[in-house]
file target_21.csv (CSV, C-alpha atoms)
chain,number,residue,atom,x,y,z
A,1,MET,CA,-113.5,85.7,126.0
A,2,THR,CA,-113.0,83.0,128.6
A,3,LEU,CA,-115.4,80.2,129.3
A,4,GLU,CA,-116.3,81.7,132.7
A,5,GLU,CA,-117.1,85.1,131.1
A,6,ALA,CA,-119.3,83.3,128.5
A,7,GLU,CA,-121.2,81.5,131.3
A,8,GLN,CA,-121.7,84.7,133.3
A,9,GLN,CA,-122.9,86.5,130.1
A,10,ALA,CA,-125.3,83.8,129.2
A,11,LEU,CA,-126.8,83.5,132.7
A,12,SER,CA,-127.3,87.3,133.0
A,13,ALA,CA,-128.8,87.7,129.5
A,14,SER,CA,-130.9,84.5,129.2
A,15,PRO,CA,-134.7,85.1,128.9
A,16,ALA,CA,-135.3,81.5,130.2
A,17,MET,CA,-133.4,82.3,133.4
A,18,LYS,CA,-135.2,85.6,133.8
A,19,ALA,CA,-138.6,83.8,133.4
A,20,ALA,CA,-137.5,81.1,135.9
A,21,ALA,CA,-136.6,83.8,138.5
A,22,ALA,CA,-139.9,85.5,137.9
A,23,ARG,CA,-141.8,82.3,138.5
A,24,VAL,CA,-140.0,81.9,141.8
A,25,GLN,CA,-141.0,85.4,142.8
A,26,ILE,CA,-144.6,84.7,141.8
A,27,GLU,CA,-144.7,81.6,143.9
A,28,GLU,CA,-143.1,83.4,146.9
A,29,GLY,CA,-145.8,86.1,146.6
A,30,ARG,CA,-148.5,83.5,146.5
A,31,LYS,CA,-147.1,82.0,149.7
A,32,ALA,CA,-147.2,85.3,151.5
A,33,GLN,CA,-150.7,85.8,150.3
A,34,ALA,CA,-151.8,82.4,151.4
A,35,GLY,CA,-150.6,83.1,155.0
A,36,ILE,CA,-152.9,86.2,155.5
A,37,TYR,CA,-156.6,86.5,156.0
A,38,PRO,CA,-158.7,87.7,153.0
A,39,ASN,CA,-159.5,91.4,152.8
A,40,PRO,CA,-162.8,92.4,154.6
A,41,ASP,CA,-165.8,93.5,152.5
A,42,LEU,CA,-167.4,96.8,153.2
A,43,SER,CA,-170.9,97.6,151.9
A,44,LEU,CA,-173.3,100.5,152.3
A,45,ASP,CA,-177.0,100.0,151.5
A,46,SER,CA,-180.0,102.4,151.7
A,47,THR,CA,-183.7,101.5,151.9
A,48,TRP,CA,-186.8,103.6,151.8
A,49,PHE,CA,-189.2,103.0,154.6
A,50,THR,CA,-192.2,103.9,152.4
A,51,SER,CA,-192.7,104.4,148.7
A,52,SER,CA,-192.7,108.1,149.2
A,53,TRP,CA,-189.8,110.4,149.7
A,54,GLY,CA,-189.8,109.8,153.4
A,55,PRO,CA,-186.9,108.9,155.7
A,56,LYS,CA,-184.4,106.4,154.4
A,57,GLU,CA,-182.6,103.7,156.3
A,58,TRP,CA,-178.8,103.4,155.8
A,59,ILE,CA,-177.0,100.1,156.5
A,60,LEU,CA,-173.3,99.9,156.8
A,61,SER,CA,-171.9,96.4,157.0
A,62,VAL,CA,-168.4,94.9,157.3
A,63,ARG,CA,-167.8,91.3,156.6
A,64,GLN,CA,-164.6,89.4,157.3
A,65,PRO,CA,-164.3,86.0,155.6
A,66,PHE,CA,-162.4,83.4,157.6
A,67,PRO,CA,-160.9,80.4,155.8
A,68,TRP,CA,-162.2,76.9,156.6
A,69,HIS,CA,-160.5,75.1,159.4
A,70,ARG,CA,-156.8,74.3,158.5
A,71,LYS,CA,-157.4,75.6,154.9
A,72,ARG,CA,-154.9,78.4,155.4
A,73,GLY,CA,-152.2,76.0,156.6
A,74,LEU,CA,-152.8,73.7,153.6
A,75,ALA,CA,-152.5,76.7,151.2
A,76,VAL,CA,-149.2,77.7,152.8
A,77,ASN,CA,-147.9,74.2,152.5
A,78,GLU,CA,-149.0,74.1,148.8
A,79,SER,CA,-147.3,77.4,148.2
A,80,ALA,CA,-144.0,76.1,149.8
A,81,GLU,CA,-144.1,73.1,147.5
A,82,ARG,CA,-144.7,75.3,144.5
A,83,ILE,CA,-141.7,77.5,145.5
A,84,GLU,CA,-139.6,74.3,145.7
A,85,ALA,CA,-140.7,73.2,142.3
A,86,ALA,CA,-140.0,76.6,140.8
A,87,LEU,CA,-136.5,76.6,142.4
A,88,ARG,CA,-135.8,73.2,141.0
A,89,ASP,CA,-137.0,74.3,137.6
A,90,GLN,CA,-134.7,77.4,137.8
A,91,GLU,CA,-131.7,75.2,138.6
A,92,ARG,CA,-132.5,72.8,135.7
A,93,GLN,CA,-132.7,75.8,133.4
A,94,ARG,CA,-129.3,77.1,134.7
A,95,LEU,CA,-127.6,73.7,134.3
A,96,ASP,CA,-129.1,73.2,130.8
A,97,LEU,CA,-127.9,76.7,129.8
A,98,LEU,CA,-124.4,76.1,131.2
A,99,PHE,CA,-124.2,72.8,129.3
A,100,ASP,CA,-125.2,74.4,126.0
A,101,VAL,CA,-122.7,77.3,126.6
A,102,ARG,CA,-119.8,75.0,127.4
A,103,GLU,CA,-120.5,72.7,124.5
A,104,SER,CA,-120.8,75.6,122.1
A,105,PHE,CA,-117.6,77.2,123.5
A,106,TYR,CA,-115.5,74.1,123.0
A,107,ARG,CA,-116.9,73.5,119.5
A,108,VAL,CA,-116.1,77.1,118.5
A,109,TYR,CA,-112.6,76.9,120.1
A,110,PHE,CA,-111.7,73.6,118.3
A,111,ASP,CA,-113.2,74.9,115.0
A,112,GLU,CA,-110.9,77.9,115.3
A,113,ARG,CA,-108.0,75.4,115.6
A,114,VAL,CA,-109.3,73.5,112.6
A,115,VAL,CA,-109.3,76.7,110.5
A,116,GLN,CA,-105.7,77.5,111.7
A,117,VAL,CA,-104.6,74.0,110.7
A,118,GLU,CA,-106.3,74.3,107.3
A,119,GLN,CA,-104.6,77.7,106.7
A,120,GLU,CA,-101.2,76.1,107.5
A,121,ASN,CA,-102.1,73.2,105.2
A,122,LEU,CA,-103.0,75.7,102.4
A,123,ASP,CA,-99.7,77.7,102.9
A,124,ALA,CA,-97.7,74.4,102.7
A,125,THR,CA,-99.6,73.3,99.6
A,126,ARG,CA,-98.9,76.6,97.9
A,127,ALA,CA,-95.2,76.4,98.8
A,128,VAL,CA,-95.1,72.9,97.2
A,129,LYS,CA,-96.9,74.2,94.1
A,130,LYS,CA,-94.3,77.0,93.8
A,131,ALA,CA,-91.5,74.5,94.1
A,132,VAL,CA,-93.2,72.2,91.5
A,133,ASP,CA,-93.7,75.1,89.1
A,134,ALA,CA,-90.0,76.0,89.4
A,135,ARG,CA,-89.1,72.4,88.6
A,136,VAL,CA,-91.5,72.3,85.6
A,137,ALA,CA,-90.0,75.6,84.4
A,138,ALA,CA,-86.5,74.2,84.7
A,139,GLY,CA,-87.5,71.1,82.8
A,140,ASP,CA,-86.9,68.7,85.8
A,141,ALA,CA,-90.6,67.7,86.1
A,142,ALA,CA,-93.4,67.1,83.6
A,143,PRO,CA,-96.1,69.8,83.2
A,144,PHE,CA,-98.7,67.3,84.6
A,145,GLU,CA,-97.0,67.6,88.0
A,146,GLY,CA,-97.7,71.4,88.0
A,147,LEU,CA,-101.4,70.6,87.2
A,148,LYS,CA,-101.6,68.1,90.1
A,149,ALA,CA,-100.1,70.7,92.5
A,150,ALA,CA,-102.6,73.3,91.3
A,151,VAL,CA,-105.5,70.8,92.0
A,152,GLU,CA,-104.1,70.2,95.5
A,153,VAL,CA,-104.0,74.0,96.1
A,154,LYS,CA,-107.7,74.2,95.1
A,155,ARG,CA,-108.6,71.3,97.4
A,156,ALA,CA,-106.8,73.0,100.3
A,157,GLU,CA,-108.6,76.3,99.5
A,158,GLY,CA,-112.0,74.5,99.5
A,159,ARG,CA,-111.3,72.8,102.8
A,160,LEU,CA,-110.3,76.1,104.3
A,161,GLU,CA,-113.5,77.8,103.1
A,162,LEU,CA,-115.6,75.0,104.4
A,163,ALA,CA,-113.9,75.2,107.8
A,164,ARG,CA,-114.4,78.9,107.9
A,165,GLY,CA,-118.1,78.5,107.1
A,166,GLU,CA,-118.6,76.0,109.9
A,167,LEU,CA,-116.8,78.2,112.3
A,168,ALA,CA,-119.0,81.2,111.3
A,169,ALA,CA,-122.1,79.2,111.8
A,170,ARG,CA,-121.0,77.8,115.2
A,171,MET,CA,-119.9,81.3,116.3
A,172,SER,CA,-123.3,82.7,115.5
A,173,SER,CA,-125.0,80.0,117.5
A,174,PHE,CA,-122.6,80.6,120.4
A,175,LEU,CA,-123.2,84.4,120.4
A,176,ALA,CA,-127.0,83.8,120.3
A,177,LEU,CA,-126.7,81.8,123.5
A,178,LEU,CA,-125.0,84.9,125.0
A,179,ALA,CA,-127.6,87.3,123.6
A,180,LEU,CA,-124.9,89.1,121.6
A,181,PRO,CA,-125.0,90.3,118.0
A,182,PRO,CA,-124.0,87.5,115.5
A,183,ASP,CA,-121.5,89.8,113.8
A,184,ARG,CA,-119.7,90.8,117.0
A,185,PRO,CA,-116.0,90.2,116.7
A,186,THR,CA,-115.2,87.6,119.4
A,187,SER,CA,-112.1,85.5,120.1
A,188,LEU,CA,-112.0,82.7,122.6
A,189,SER,CA,-109.2,82.1,125.0
A,190,GLU,CA,-107.9,78.6,125.5
A,191,PRO,CA,-110.1,76.6,127.9
A,192,ARG,CA,-108.7,75.0,130.9
A,193,LEU,CA,-109.2,71.3,131.2
A,194,PRO,CA,-111.1,70.1,134.3
A,195,LEU,CA,-107.9,68.4,135.6
A,196,ASP,CA,-105.6,71.3,134.7
A,197,PRO,CA,-104.0,72.5,138.0
A,198,GLY,CA,-103.4,75.9,136.6

call {"tool": "encode", "arguments": {"input": "target_21.csv", "output": "structure tokens"}}
result
Amino acid sequence: MTLEEAEQQALSASPAMKAAAARVQIEEGRKAQAGIYPNPDLSLDSTWFTSSWGPKEWILSVRQPFPWHRKRGLAVNESAERIEAALRDQERQRLDLLFDVRESFYRVYFDERVVQVEQENLDATRAVKKAVDARVAAGDAAPFEGLKAAVEVKRAEGRLELARGELAARMSSFLALLALPPDRPTSLSEPRLPLDPG
């Protein structure tokens, strides 16, 4: 997965981005509503002329409310300002998300390199222990040297396990930003530096 793919996945799956886009749509709807007249009221009333079952009077009335002078223009201006605020909030959400994705991407990528280096260190330490064990078996080194080599192997194994644990935790956080399952197998491609012409 490249950094660009991770950013696109995060932007398309982020609940915060969907909420920000919905807020912009709500404010645009309010602006459209502020620019039109209110709906008219229609009422139908009936009245008895007398207390008996005589003729009835029916009254049909239609009322059209009109906003106060310049009130509609002020409401439209307010709605335009709300749309601008919603757009700015949407852009802030987008930049915050991209920052989090990029930071997490680089941390995971470099943690993968740390795990690789620790694995190479463990392999080299095991090779040294094998050589020391051969020297101890041949009588060219004291048995204590073999014990020291075994301790170094255990230390290298511990550092490798610690690096793998940190990588797994960071990878889970990274995948959560992308709304992907935490156990999804993912490998990151080498990121390009900002000044890299390629």

call {"tool": "atom_distance", "arguments": {"input": "target_21.csv", "atom1": "atom CA of Val136 of chain A", "atom2": "atom CA of Val153 of chain A"}}
result
16.4 Å

call {"tool": "closest_residue", "arguments": {"input": "target_21.csv", "among": "A:Asn121, A:Ser12, A:Gln25, A:Gln64", "to": "Arg82 of chain A", "atoms": "all atoms listed in the file"}}
result
A:Gln25

call {"tool": "atom_distance", "arguments": {"input": "target_21.csv", "atom1": "atom CA of Ser173 of chain A", "atom2": "atom CA of Thr186 of chain A"}}
result
12.5 Å

call {"tool": "residues_around", "arguments": {"input": "target_21.csv", "residues": "segment 109-115 of chain A", "least_positions_apart": "5", "cutoff": "10 Å", "atoms": "all atoms listed in the file", "output": "number ranges by chain"}}
result
A: 103-104, 120-121, 159-168, 170-171, 187-191

call {"tool": "write_last_selection", "arguments": {"input": "target_21.csv", "atoms": "C-alpha atoms", "output": "PDB file, in the coordinates of the input"}}
result
ATOM      1  CA  GLU A 103    -120.500  72.700 124.500  1.00  0.00           C
ATOM      2  CA  SER A 104    -120.800  75.600 122.100  1.00  0.00           C
ATOM      3  CA  GLU A 120    -101.200  76.100 107.500  1.00  0.00           C
ATOM      4  CA  ASN A 121    -102.100  73.200 105.200  1.00  0.00           C
ATOM      5  CA  ARG A 159    -111.300  72.800 102.800  1.00  0.00           C
ATOM      6  CA  LEU A 160    -110.300  76.100 104.300  1.00  0.00           C
ATOM      7  CA  GLU A 161    -113.500  77.800 103.100  1.00  0.00           C
ATOM      8  CA  LEU A 162    -115.600  75.000 104.400  1.00  0.00           C
ATOM      9  CA  ALA A 163    -113.900  75.200 107.800  1.00  0.00           C
ATOM     10  CA  ARG A 164    -114.400  78.900 107.900  1.00  0.00           C
ATOM     11  CA  GLY A 165    -118.100  78.500 107.100  1.00  0.00           C
ATOM     12  CA  GLU A 166    -118.600  76.000 109.900  1.00  0.00           C
ATOM     13  CA  LEU A 167    -116.800  78.200 112.300  1.00  0.00           C
ATOM     14  CA  ALA A 168    -119.000  81.200 111.300  1.00  0.00           C
ATOM     15  CA  ARG A 170    -121.000  77.800 115.200  1.00  0.00           C
ATOM     16  CA  MET A 171    -119.900  81.300 116.300  1.00  0.00           C
ATOM     17  CA  SER A 187    -112.100  85.500 120.100  1.00  0.00           C
ATOM     18  CA  LEU A 188    -112.000  82.700 122.600  1.00  0.00           C
ATOM     19  CA  SER A 189    -109.200  82.100 125.000  1.00  0.00           C
ATOM     20  CA  GLU A 190    -107.900  78.600 125.500  1.00  0.00           C
ATOM     21  CA  PRO A 191    -110.100  76.600 127.900  1.00  0.00           C
TER      22      PRO A 191
END

call {"tool": "closest_residue", "arguments": {"input": "target_21.csv", "among": "A:Ala131, A:Ala10, A:Met1, A:Leu60", "to": "Glu145 of chain A", "atoms": "all atoms listed in the file"}}
result
A:Ala131

call {"tool": "atom_distance", "arguments": {"input": "target_21.csv", "atom1": "atom CA of Pro38 of chain A", "atom2": "atom CA of Phe66 of chain A"}}
result
7.3 Å

call {"tool": "residues_around", "arguments": {"input": "target_21.csv", "residues": "Ala16 of chain A", "least_positions_apart": "4", "cutoff": "10 Å", "atoms": "only C-alpha atoms", "output": "MDAnalysis selection string"}}
result
chainID A and resid 11 20:22 90 93:94 97

call {"tool": "residues_around", "arguments": {"input": "target_21.csv", "residues": "Ala34 of chain A", "least_positions_apart": "5", "cutoff": "7 Å", "atoms": "only C-alpha atoms", "output": "JSON, numbers by chain"}}
result
{"A": [72, 75, 76]}

call {"tool": "write_last_selection", "arguments": {"input": "target_21.csv", "atoms": "C-alpha atoms", "output": "short mmCIF file (atom, residue, chain, number, x, y, z; two decimals), in the frame of the given file"}}
result
data_model
loop_
_atom_site.label_atom_id
_atom_site.label_comp_id
_atom_site.auth_asym_id
_atom_site.auth_seq_id
_atom_site.Cartn_x
_atom_site.Cartn_y
_atom_site.Cartn_z
CA ARG A 72 -154.90 78.40 155.40
CA ALA A 75 -152.50 76.70 151.20
CA VAL A 76 -149.20 77.70 152.80
#

call {"tool": "closest_residue", "arguments": {"input": "target_21.csv", "among": "A:Val117, A:Leu147, A:Ala141, A:Leu44", "to": "Lys129 of chain A", "atoms": "all atoms listed in the file"}}
result
A:Leu147
